[in-house]
>>> print(open('coords_6.cif').read())   # mmCIF, C-alpha atoms and all ligand atoms
data_my_file
loop_
_atom_site.label_atom_id
_atom_site.label_comp_id
_atom_site.auth_asym_id
_atom_site.auth_seq_id
_atom_site.Cartn_x
_atom_site.Cartn_y
_atom_site.Cartn_z
CA MET A 1 68.02 54.20 -116.52
CA LYS A 2 67.57 54.12 -120.31
CA GLU A 3 69.31 51.27 -122.13
CA TYR A 4 70.80 52.08 -125.54
CA SER A 5 71.56 50.23 -128.77
CA LEU A 6 75.00 50.44 -130.40
CA ALA A 7 76.22 49.36 -133.84
CA ILE A 8 79.94 48.69 -134.29
CA VAL A 9 81.00 49.06 -137.92
CA GLY A 10 84.34 47.43 -138.72
CA ALA A 11 84.03 45.07 -135.73
CA THR A 12 86.52 42.57 -137.19
CA GLY A 13 89.32 45.13 -137.63
CA LEU A 14 92.05 45.97 -135.13
CA VAL A 15 90.24 49.06 -133.86
CA GLY A 16 86.87 47.28 -133.97
CA ARG A 17 88.17 44.44 -131.82
CA THR A 18 89.70 46.95 -129.40
CA ILE A 19 86.30 48.67 -129.18
CA LEU A 20 84.77 45.33 -128.14
CA GLU A 21 87.51 44.88 -125.52
CA VAL A 22 87.00 48.36 -124.07
CA LEU A 23 83.21 47.91 -124.04
CA GLU A 24 83.64 44.67 -122.10
CA GLU A 25 85.67 46.54 -119.47
CA LYS A 26 83.11 49.36 -119.09
CA LYS A 27 79.67 48.67 -117.79
CA LEU A 28 77.69 50.97 -120.05
CA PRO A 29 73.88 51.02 -120.15
CA ILE A 30 73.76 49.36 -123.58
CA SER A 31 71.32 46.50 -124.03
CA LYS A 32 71.82 45.76 -127.72
CA TYR A 33 75.03 45.49 -129.74
CA THR A 34 75.17 44.79 -133.50
CA LEU A 35 78.45 44.01 -135.25
CA PHE A 36 79.02 44.97 -138.89
CA ALA A 37 81.91 44.36 -141.30
CA SER A 38 82.37 43.74 -145.02
CA SER A 39 80.83 40.85 -147.01
CA LYS A 40 84.11 38.97 -146.40
CA SER A 41 83.24 38.59 -142.69
CA ALA A 42 79.46 38.19 -142.93
CA GLY A 43 78.37 35.22 -140.81
CA LYS A 44 81.60 35.13 -138.80
CA ILE A 45 81.05 34.49 -135.07
CA MET A 46 82.67 36.86 -132.57
CA HIS A 47 82.59 36.14 -128.87
CA PHE A 48 81.75 39.29 -126.91
CA MET A 49 80.19 39.99 -123.49
CA ASP A 50 79.81 36.22 -122.86
CA SER A 51 77.72 35.77 -126.00
CA ASP A 52 78.33 34.77 -129.60
CA TYR A 53 77.57 37.54 -132.09
CA VAL A 54 77.12 36.90 -135.81
CA VAL A 55 78.84 39.59 -137.88
CA LYS A 56 76.49 41.20 -140.40
CA GLU A 57 77.41 42.62 -143.78
CA LEU A 58 77.05 46.41 -143.84
CA ASN A 59 74.63 47.69 -146.48
CA GLU A 60 72.31 50.63 -147.19
CA ASN A 61 69.54 49.09 -145.05
CA SER A 62 71.68 48.29 -142.02
CA PHE A 63 70.45 51.32 -140.08
CA ASP A 64 66.74 50.93 -140.83
CA GLU A 65 66.17 49.49 -137.36
CA GLY A 66 67.38 52.81 -135.85
CA PHE A 67 70.29 52.35 -133.47
CA ASP A 68 70.87 55.03 -130.84
CA PHE A 69 74.61 55.13 -131.61
CA ALA A 70 77.13 53.69 -134.08
CA ILE A 71 80.92 53.66 -133.90
CA PHE A 72 82.52 53.43 -137.36
CA SER A 73 86.08 52.08 -137.79
CA ALA A 74 86.02 50.71 -141.32
CA GLY A 75 87.98 53.33 -143.27
CA GLY A 76 87.08 56.63 -144.88
CA ASP A 77 85.20 55.29 -147.91
CA THR A 78 82.85 53.20 -145.76
CA SER A 79 82.21 56.17 -143.44
CA LYS A 80 81.58 58.56 -146.33
CA LYS A 81 78.99 56.22 -147.78
CA TYR A 82 77.23 54.87 -144.69
CA ALA A 83 77.64 57.40 -141.83
CA PRO A 84 75.25 59.93 -143.47
CA ILE A 85 72.73 57.11 -144.03
CA ALA A 86 72.97 56.15 -140.34
CA ALA A 87 72.65 59.78 -139.23
CA SER A 88 69.61 60.29 -141.49
CA LYS A 89 67.89 57.42 -139.63
CA GLY A 90 68.48 59.07 -136.24
CA THR A 91 71.65 57.22 -135.22
CA ILE A 92 74.44 59.32 -133.70
CA VAL A 93 77.67 58.24 -135.40
CA ILE A 94 81.10 58.45 -133.80
CA ASP A 95 83.45 58.11 -136.74
CA ASN A 96 87.06 56.98 -136.44
CA SER A 97 87.96 57.74 -140.05
CA SER A 98 89.24 61.02 -141.47
CA ALA A 99 86.15 61.41 -143.70
CA PHE A 100 84.39 64.17 -141.73
CA ARG A 101 87.08 65.51 -139.39
CA MET A 102 87.56 68.82 -141.18
CA ASP A 103 83.86 69.32 -141.93
CA SER A 104 82.82 72.52 -140.13
CA ASN A 105 79.46 70.90 -139.24
CA VAL A 106 81.15 67.96 -137.51
CA PRO A 107 82.66 68.29 -134.02
CA LEU A 108 86.16 66.84 -133.68
CA VAL A 109 86.40 65.70 -130.09
CA VAL A 110 88.98 64.66 -127.49
CA PRO A 111 86.96 64.36 -124.26
CA GLU A 112 89.75 65.77 -122.05
CA VAL A 113 90.13 68.76 -124.38
CA ASN A 114 86.81 69.92 -125.91
CA PRO A 115 83.92 67.80 -124.54
CA GLU A 116 81.57 70.79 -124.93
CA GLU A 117 81.71 70.29 -128.73
CA ILE A 118 79.81 66.99 -128.49
CA GLU A 119 76.46 68.72 -128.14
CA ASN A 120 77.00 70.62 -131.41
CA ASN A 121 76.73 67.39 -133.41
CA LYS A 122 74.24 67.03 -136.23
CA GLY A 123 74.39 63.24 -136.24
CA ILE A 124 78.13 62.72 -136.78
CA ILE A 125 81.00 63.27 -134.33
CA ALA A 126 84.55 62.71 -135.55
CA ASN A 127 87.29 61.01 -133.57
CA PRO A 128 90.62 62.71 -134.38
CA ASN A 129 93.65 60.95 -135.82
CA CYS A 130 95.43 58.78 -133.23
CA SER A 131 98.56 60.98 -133.27
CA THR A 132 96.53 64.15 -132.81
CA ILE A 133 94.58 62.76 -129.84
CA GLN A 134 97.59 61.90 -127.71
CA ALA A 135 99.38 65.15 -128.57
CA LEU A 136 96.39 67.27 -127.60
CA VAL A 137 95.74 65.53 -124.29
CA ALA A 138 99.28 66.64 -123.36
CA LEU A 139 99.18 70.09 -125.00
CA LYS A 140 95.76 71.44 -124.03
CA PRO A 141 96.59 72.22 -120.36
CA LEU A 142 99.83 73.86 -121.47
CA ASP A 143 98.00 75.96 -124.07
CA THR A 144 95.52 77.11 -121.42
CA ALA A 145 98.32 78.12 -119.06
CA TYR A 146 101.02 79.47 -121.39
CA THR A 147 99.39 79.96 -124.87
CA ILE A 148 101.03 77.86 -127.55
CA LYS A 149 102.76 79.84 -130.32
CA ARG A 150 104.32 77.05 -132.43
CA ILE A 151 104.45 73.22 -132.44
CA VAL A 152 106.92 70.83 -134.10
CA TYR A 153 105.65 67.22 -134.15
CA SER A 154 107.93 64.22 -134.85
CA THR A 155 106.15 60.87 -134.55
CA TYR A 156 107.24 57.25 -134.20
CA GLN A 157 104.09 55.32 -135.06
CA ALA A 158 103.31 51.65 -134.45
CA VAL A 159 102.18 49.27 -137.20
CA SER A 160 98.83 48.59 -135.48
CA GLY A 161 97.85 52.07 -136.68
CA ALA A 162 97.88 50.61 -140.19
CA GLY A 163 95.37 47.87 -139.30
CA ASN A 164 95.55 44.11 -139.69
CA LYS A 165 97.70 44.32 -142.83
CA GLY A 166 100.27 46.58 -141.18
CA VAL A 167 100.67 44.11 -138.31
CA ALA A 168 100.99 41.24 -140.82
CA ASP A 169 103.89 43.04 -142.59
CA LEU A 170 105.87 43.33 -139.33
CA ASP A 171 104.98 39.77 -138.26
CA ASN A 172 106.08 38.37 -141.61
CA GLY A 173 109.27 40.46 -141.60
CA ILE A 174 110.26 39.13 -138.17
CA PHE A 175 109.46 35.54 -139.18
CA ASN A 176 111.45 35.93 -142.40
CA TYR A 177 114.46 37.37 -140.52
CA SER A 178 114.41 34.75 -137.74
CA ASN A 179 114.10 31.84 -140.16
CA LYS A 180 116.42 33.31 -142.80
CA CYS A 181 113.93 32.22 -145.40
CA CYS A 182 110.46 32.61 -146.77
CA ASP A 183 109.88 35.45 -149.17
CA TYR A 184 106.67 37.25 -148.34
CA ALA A 185 104.47 39.72 -150.13
CA LEU A 186 104.04 43.08 -148.41
CA GLN A 187 100.38 43.70 -147.60
CA LYS A 188 100.40 47.31 -146.45
CA PHE A 189 103.69 49.20 -146.61
CA PRO A 190 105.75 50.10 -149.71
CA TYR A 191 108.93 48.69 -148.08
CA PRO A 192 109.59 46.12 -145.34
CA ILE A 193 108.82 47.71 -141.97
CA PHE A 194 110.96 45.21 -140.05
CA ASN A 195 114.36 46.83 -139.31
CA ASN A 196 113.23 50.02 -141.05
CA CYS A 197 111.68 53.40 -140.34
CA LEU A 198 109.37 54.68 -143.07
CA PRO A 199 108.86 58.48 -143.19
CA HIS A 200 105.66 57.80 -145.05
CA ILE A 201 102.20 57.47 -143.46
CA ASP A 202 99.17 57.74 -145.74
CA VAL A 203 99.68 59.29 -149.20
CA PHE A 204 102.02 62.13 -150.16
CA LEU A 205 100.50 65.49 -151.10
CA ASP A 206 101.68 67.99 -153.72
CA ASN A 207 103.29 70.17 -151.02
CA GLY A 208 105.68 67.33 -150.03
CA TYR A 209 103.92 66.54 -146.75
CA SER A 210 102.20 63.22 -146.10
CA LYS A 211 98.46 63.23 -145.46
CA GLU A 212 99.13 62.03 -141.89
CA GLU A 213 101.29 65.13 -141.31
CA GLU A 214 98.60 67.36 -142.77
CA LYS A 215 95.98 65.68 -140.55
CA MET A 216 98.00 66.41 -137.39
CA ILE A 217 98.42 70.05 -138.39
CA ASN A 218 94.82 70.73 -139.43
CA GLU A 219 93.16 68.73 -136.66
CA THR A 220 95.28 70.43 -133.97
CA ARG A 221 94.25 73.83 -135.31
CA LYS A 222 90.56 72.85 -135.39
CA ILE A 223 90.48 71.36 -131.88
CA LEU A 224 92.40 74.24 -130.29
CA LYS A 225 90.30 76.71 -132.34
CA LYS A 226 93.49 78.38 -133.61
CA PRO A 227 93.26 78.28 -137.41
CA ASP A 228 96.56 80.12 -137.89
CA LEU A 229 98.67 78.29 -135.30
CA LYS A 230 102.19 77.60 -136.59
CA ILE A 231 102.66 73.82 -136.71
CA THR A 232 104.91 71.49 -138.64
CA ALA A 233 105.12 67.68 -138.53
CA THR A 234 107.14 64.67 -139.65
CA THR A 235 105.31 61.35 -139.17
CA VAL A 236 107.25 58.08 -139.29
CA ARG A 237 106.16 54.42 -139.17
CA VAL A 238 108.50 52.36 -136.95
CA PRO A 239 108.77 48.59 -136.33
CA VAL A 240 106.77 48.64 -133.09
CA PHE A 241 103.58 46.59 -132.81
CA ASN A 242 101.53 48.96 -130.67
CA SER A 243 101.58 52.46 -129.11
CA HIS A 244 102.70 55.61 -130.83
CA SER A 245 105.54 57.78 -129.49
CA GLU A 246 105.92 61.47 -130.28
CA ALA A 247 108.68 64.01 -129.73
CA ILE A 248 106.86 67.34 -129.40
CA ASN A 249 108.59 70.71 -129.40
CA VAL A 250 106.40 73.61 -128.27
CA GLU A 251 106.99 77.35 -128.07
CA PHE A 252 104.78 79.48 -125.80
CA GLU A 253 103.73 83.14 -125.71
CA LYS A 254 104.17 83.28 -121.91
CA ASP A 255 107.13 82.13 -119.85
CA PHE A 256 106.89 79.26 -117.38
CA LYS A 257 108.69 77.59 -114.53
CA ILE A 258 109.57 74.05 -115.51
CA GLU A 259 108.48 72.61 -112.12
CA GLU A 260 105.09 74.34 -112.41
CA LEU A 261 104.66 73.06 -115.96
CA ARG A 262 105.50 69.49 -114.88
CA ASP A 263 103.04 69.83 -111.99
CA LEU A 264 100.33 71.02 -114.34
CA LEU A 265 100.79 67.91 -116.49
CA ILE A 266 100.82 65.63 -113.43
CA HIS A 267 97.45 67.03 -112.33
CA SER A 268 95.78 67.07 -115.77
CA SER A 269 93.09 64.56 -116.67
CA GLY A 270 94.15 61.55 -118.75
CA ILE A 271 97.90 62.06 -118.28
CA THR A 272 100.49 59.92 -116.49
CA VAL A 273 103.87 61.61 -116.08
CA ILE A 274 106.94 59.33 -116.04
CA ASP A 275 109.87 61.70 -115.92
CA ASP A 276 112.90 60.60 -113.97
CA PRO A 277 115.72 60.41 -116.52
CA SER A 278 118.44 60.03 -113.88
CA ASN A 279 116.86 56.64 -113.05
CA ASN A 280 116.20 55.82 -116.73
CA LYS A 281 112.47 56.40 -116.26
CA TYR A 282 110.55 57.77 -119.25
CA PRO A 283 107.41 56.66 -121.11
CA LEU A 284 107.69 53.46 -123.14
CA CYS A 285 105.28 51.73 -125.50
CA LYS A 286 105.02 48.85 -123.02
CA ASP A 287 103.73 51.28 -120.35
CA ALA A 288 101.09 52.76 -122.60
CA THR A 289 99.82 49.58 -124.25
CA GLY A 290 96.57 48.50 -122.58
CA SER A 291 96.06 51.90 -120.94
CA ASP A 292 93.76 54.79 -121.82
CA ASN A 293 96.13 57.40 -120.43
CA VAL A 294 98.66 59.47 -122.33
CA TYR A 295 102.19 59.07 -120.93
CA VAL A 296 104.43 62.14 -120.82
CA GLY A 297 108.12 62.40 -119.97
CA ARG A 298 111.50 63.91 -120.95
CA ILE A 299 109.95 67.26 -119.97
CA ARG A 300 112.70 69.80 -120.54
CA ARG A 301 113.24 73.41 -121.54
CA ASP A 302 114.14 74.18 -125.13
CA TYR A 303 117.06 76.56 -124.59
CA SER A 304 117.10 77.62 -128.25
CA VAL A 305 113.99 79.83 -127.85
CA ASP A 306 112.69 82.27 -125.20
CA SER A 307 109.88 80.06 -123.90
CA GLY A 308 109.78 76.51 -125.19
CA ILE A 309 109.82 72.86 -124.13
CA ASN A 310 110.41 69.37 -125.46
CA LEU A 311 108.16 66.45 -124.49
CA TRP A 312 108.11 62.69 -125.15
CA VAL A 313 104.48 61.56 -125.41
CA VAL A 314 103.40 57.90 -125.70
CA ALA A 315 99.90 56.39 -125.92
CA ASP A 316 98.11 53.23 -127.00
CA ASN A 317 97.00 54.20 -130.50
CA LEU A 318 94.32 51.50 -130.66
CA ARG A 319 92.84 52.49 -127.30
CA LYS A 320 93.25 56.22 -126.54
CA GLY A 321 94.08 56.93 -130.19
CA ALA A 322 90.89 55.29 -131.46
CA ALA A 323 88.63 52.88 -129.52
CA SER A 324 88.75 54.40 -126.03
CA ASN A 325 88.49 57.99 -127.25
CA ALA A 326 85.36 57.04 -129.23
CA ILE A 327 83.86 55.25 -126.23
CA GLN A 328 84.69 58.15 -123.92
CA ILE A 329 82.72 60.39 -126.33
CA LEU A 330 79.85 57.89 -126.17
CA GLU A 331 80.02 57.85 -122.36
CA LYS A 332 79.68 61.65 -122.26
CA MET A 333 76.38 61.29 -124.14
CA ILE A 334 74.84 58.46 -122.12
CA ILE A 335 76.08 58.75 -118.56
P1 LIG A 401 86.45 42.87 -142.93
O1 LIG A 401 87.25 42.24 -141.83
O2 LIG A 401 85.20 42.13 -143.27
O3 LIG A 401 87.29 43.23 -144.13
P2 LIG A 401 91.64 46.92 -140.29
O4 LIG A 401 91.84 48.40 -140.51
O5 LIG A 401 92.16 46.43 -138.98
O6 LIG A 401 92.16 46.12 -141.43
O7 LIG A 401 90.04 46.70 -140.25
C1 LIG A 401 89.16 47.28 -141.17
C2 LIG A 401 87.73 46.97 -140.75
O8 LIG A 401 86.85 47.62 -141.67
C3 LIG A 401 87.38 45.50 -140.81
O9 LIG A 401 86.44 45.19 -139.82
C4 LIG A 401 86.75 45.37 -142.19
O10 LIG A 401 85.89 44.27 -142.33
C5 LIG A 401 85.95 46.64 -142.21
N1 LIG A 401 85.56 47.01 -143.57
C6 LIG A 401 86.35 47.24 -144.62
N2 LIG A 401 85.63 47.55 -145.72
C7 LIG A 401 84.32 47.52 -145.34
C8 LIG A 401 83.07 47.75 -145.97
N3 LIG A 401 83.00 48.10 -147.27
N4 LIG A 401 81.93 47.62 -145.25
C9 LIG A 401 81.99 47.27 -143.96
N5 LIG A 401 83.14 47.05 -143.27
C10 LIG A 401 84.28 47.17 -143.95
#
>>> encode(input="coords_6.cif", output="structure tokens")
Amino acid sequence: MKEYSLAIVGATGLVGRTILEVLEEKKLPISKYTLFASSKSAGKIMHFMDSDYVVKELNENSFDEGFDFAIFSAGGDTSKKYAPIAASKGTIVIDNSSAFRMDSNVPLVVPEVNPEEIENNKGIIANPNCSTIQALVALKPLDTAYTIKRIVYSTYQAVSGAGNKGVADLDNGIFNYSNKCCDYALQKFPYPIFNNCLPHIDVFLDNGYSKEEEKMINETRKILKKPDLKITATTVRVPVFNSHSEAINVEFEKDFKIEELRDLLIHSSGITVIDDPSNNKYPLCKDATGSDNVYVGRIRRDYSVDSGINLWVVADNLRKGAASNAIQILEKMII
């Protein structure tokens, strides 16, 4: 069996470190790993796969040696600059940033939803936004069966989605509160995230939506190949360390039986249904954290429309929302 080489760009970040964790769990036919980050981390030692790896600074020549694959998780600006360089040297890039997601030449892939798109790549494959990935794992089987007419997304997103600095803001807020002391400078958010919910993820656009909301809307339309699908979204950062939760309201063209719909979700790939409200059983962040599945519960009819439902959908945003989704794309290409 062929052995591949893989570059991990942004290896020191939260998603990068989760990529290393997931790679350690999977036994992929990769014989050579190279870890890249910014100049700040150059020379840093990271222990991975029972070996010590020296982190290299990313630069224009980093891809001269011709890796088979690269996974980028170092922000949009880094991807915009370096992913095309990597692709031009024959490396297939799986990019976690939003830089290329809406590019019509770049497939936007959730392996449970549209794996067939992978082969249309021209050197770059985009990983969708974390909130989009978990929503679509849950919605795709329902769209196939009942044809989605409209979606309303409301998200409750963990601070790990904002990287190391987002986690530091919550950590510092908790420490400050517990010790009743210690002023601290916010590193990521415009307000303290501890004891707060911030209806503000990414920048605000002229139309009043945040960029995160726009990403969920546009990426859903692209992946489902429904450019005119009616979708609206409110995305909120909450003081949770890891795993995003979403309340999703969906209206269908066709009617359904709620037991059949629940059964469909139970038997769909990548989904774990926890839906027993009478025993206080529903998906929680603690269930999803560490897992690659999307957890679905609170499955109930929306009685305000002819054919609609409400769902509560929870997933590990660092794993299924980023690292694991990217590695599942990689697996489809090499196994
Ligand atoms: P570094 O740790 O050297 O700054 P997070 O989103 O968790 O904060 O992580 C961001 C990741 O992206 C880190 O690994 C960071 O490296 C990396 N990164 C940021 N800017 C660059 C850059 N210009 N070139 C390469 N890696 C970068």
>>> residues_around(input="coords_6.cif", residues="stretch 211-223 of chain A", least_positions_apart="5", cutoff="7 Å", atoms="only C-alpha atoms", output="list in words")
Leu108, Pro128, Ser131, Thr132, Ile201, Asp202, Val203, Phe204, Leu205, Leu229, Ile231, Thr232, Ala233, Thr234 and Thr235 of chain A
>>> write_last_selection(input="coords_6.cif", atoms="C-alpha atoms", output="compact mmCIF listing (two decimals), in the frame of the given file")
# COMPACT_ATOMS: atom_id res chain seq x y z
CA LEU A 108 86.16 66.84 -133.68
CA PRO A 128 90.62 62.71 -134.38
CA SER A 131 98.56 60.98 -133.27
CA THR A 132 96.53 64.15 -132.81
CA ILE A 201 102.20 57.47 -143.46
CA ASP A 202 99.17 57.74 -145.74
CA VAL A 203 99.68 59.29 -149.20
CA PHE A 204 102.02 62.13 -150.16
CA LEU A 205 100.50 65.49 -151.10
CA LEU A 229 98.67 78.29 -135.30
CA ILE A 231 102.66 73.82 -136.71
CA THR A 232 104.91 71.49 -138.64
CA ALA A 233 105.12 67.68 -138.53
CA THR A 234 107.14 64.67 -139.65
CA THR A 235 105.31 61.35 -139.17
>>> residues_around(input="coords_6.cif", residues="stretch 165-169 of chain A", least_positions_apart="4", cutoff="9 Å", atoms="only C-alpha atoms", output="list in words")
Ala158, Val159, Ser160, Gly161, Gly173, Ile174, Tyr184, Ala185, Leu186, Gln187, Lys188, Phe189, Pro192, Ile193, Phe194 and Phe241 of chain A
>>> residues_around(input="coords_6.cif", residues="A:Lys140", least_positions_apart="3", cutoff="12 Å", atoms="all atoms listed in the file", output="ChimeraX atom specification")
/A:110-114,132-137,143-148,220-221,223-225,250,264-265,268-271
>>> closest_residue(input="coords_6.cif", among="A:Ile71, A:Ile329, A:Leu58, A:Leu311", to="A:Pro107", atoms="all atoms listed in the file")
A:Ile329
>>> atom_distance(input="coords_6.cif", atom1="atom C2 of ligand LIG 401 (chain A)", atom2="atom CA of A:Asn61")
18.8 Å
>>> closest_atom_pairs(input="coords_6.cif", of="chain A", to="ligand LIG 401 (chain A)", cutoff="9 Å", atoms="all atoms listed in the file", output="Markdown table")
| residue | atom | partner | partner_atom | distance |
| --- | --- | --- | --- | --- |
| A:Val9 | CA | A:LIG401 | N5 | 6.1 |
| A:Gly10 | CA | A:LIG401 | O9 | 3.3 |
| A:Ala11 | CA | A:LIG401 | O9 | 4.7 |
| A:Thr12 | CA | A:LIG401 | O9 | 3.7 |
| A:Gly13 | CA | A:LIG401 | O7 | 3.1 |
| A:Leu14 | CA | A:LIG401 | O5 | 3.9 |
| A:Val15 | CA | A:LIG401 | O5 | 6.1 |
| A:Gly16 | CA | A:LIG401 | O9 | 6.2 |
| A:Arg17 | CA | A:LIG401 | O9 | 8.2 |
| A:Phe36 | CA | A:LIG401 | C9 | 6.3 |
| A:Ala37 | CA | A:LIG401 | N5 | 3.6 |
| A:Ser38 | CA | A:LIG401 | O2 | 3.7 |
| A:Ser39 | CA | A:LIG401 | O2 | 5.9 |
| A:Lys40 | CA | A:LIG401 | O2 | 4.6 |
| A:Ser41 | CA | A:LIG401 | O2 | 4.1 |
| A:Ala42 | CA | A:LIG401 | O2 | 7.0 |
| A:Val55 | CA | A:LIG401 | O2 | 8.7 |
| A:Lys56 | CA | A:LIG401 | C9 | 8.9 |
| A:Glu57 | CA | A:LIG401 | C9 | 6.5 |
| A:Leu58 | CA | A:LIG401 | C9 | 5.0 |
| A:Asn59 | CA | A:LIG401 | N4 | 7.4 |
| A:Phe72 | CA | A:LIG401 | O8 | 8.4 |
| A:Ser73 | CA | A:LIG401 | O8 | 6.0 |
| A:Ala74 | CA | A:LIG401 | O8 | 3.2 |
| A:Gly75 | CA | A:LIG401 | O8 | 6.0 |
| A:Asp77 | CA | A:LIG401 | N3 | 7.5 |
| A:Thr78 | CA | A:LIG401 | N3 | 5.3 |
| A:Ser79 | CA | A:LIG401 | N4 | 8.7 |
| A:Tyr82 | CA | A:LIG401 | N4 | 8.7 |
| A:Ser160 | CA | A:LIG401 | O5 | 7.8 |
| A:Gly161 | CA | A:LIG401 | O4 | 8.0 |
| A:Ala162 | CA | A:LIG401 | O4 | 6.4 |
| A:Gly163 | CA | A:LIG401 | O5 | 3.5 |
| A:Asn164 | CA | A:LIG401 | O5 | 4.2 |
| A:Lys165 | CA | A:LIG401 | O6 | 6.0 |
| A:Gly166 | CA | A:LIG401 | O6 | 8.1 |
| A:Val167 | CA | A:LIG401 | O5 | 8.8 |
>>> residues_around(input="coords_6.cif", residues="A:Gly297", least_positions_apart="3", cutoff="9 Å", atoms="all atoms listed in the file", output="PDB file with C-alpha atoms, keeping the file's coordinate frame")
ATOM      1  CA  THR A 272     100.490  59.920-116.490  1.00  0.00           C
ATOM      2  CA  VAL A 273     103.870  61.610-116.080  1.00  0.00           C
ATOM      3  CA  ILE A 274     106.940  59.330-116.040  1.00  0.00           C
ATOM      4  CA  ASP A 275     109.870  61.700-115.920  1.00  0.00           C
ATOM      5  CA  ASP A 276     112.900  60.600-113.970  1.00  0.00           C
ATOM      6  CA  PRO A 277     115.720  60.410-116.520  1.00  0.00           C
ATOM      7  CA  LYS A 281     112.470  56.400-116.260  1.00  0.00           C
ATOM      8  CA  TYR A 282     110.550  57.770-119.250  1.00  0.00           C
ATOM      9  CA  PRO A 283     107.410  56.660-121.110  1.00  0.00           C
ATOM     10  CA  ARG A 300     112.700  69.800-120.540  1.00  0.00           C
ATOM     11  CA  LEU A 311     108.160  66.450-124.490  1.00  0.00           C
ATOM     12  CA  TRP A 312     108.110  62.690-125.150  1.00  0.00           C
ATOM     13  CA  VAL A 313     104.480  61.560-125.410  1.00  0.00           C
ATOM     14  CA  VAL A 314     103.400  57.900-125.700  1.00  0.00           C
TER      15      VAL A 314
END
>>> residues_around(input="coords_6.cif", residues="A:Pro199", least_positions_apart="6", cutoff="10 Å", atoms="only C-alpha atoms", output="list of chain:residue names")
A:Thr155, A:Tyr156, A:Gln157, A:Ser210, A:Thr234, A:Thr235, A:Val236, A:Arg237, A:Val238
>>> closest_residue(input="coords_6.cif", among="A:Leu20, A:Ser245, A:Lys44, A:Lys27", to="A:Glu3", atoms="all atoms listed in the file")
A:Lys27
>>> atom_distance(input="coords_6.cif", atom1="atom CA of A:Arg298", atom2="atom CA of A:Ser324")
25.2 Å
>>> atom_distance(input="coords_6.cif", atom1="atom CA of A:Val54", atom2="atom CA of A:Gly290")
26.2 Å
>>> closest_residue(input="coords_6.cif", among="A:Glu246, A:Glu260, A:Glu119, A:Glu253", to="A:Val152", atoms="only C-alpha atoms")
A:Glu246
>>> closest_residue(input="coords_6.cif", among="A:Arg150, A:Ala87, A:Leu330, A:Met46", to="A:Ser62", atoms="only C-alpha atoms")
A:Ala87
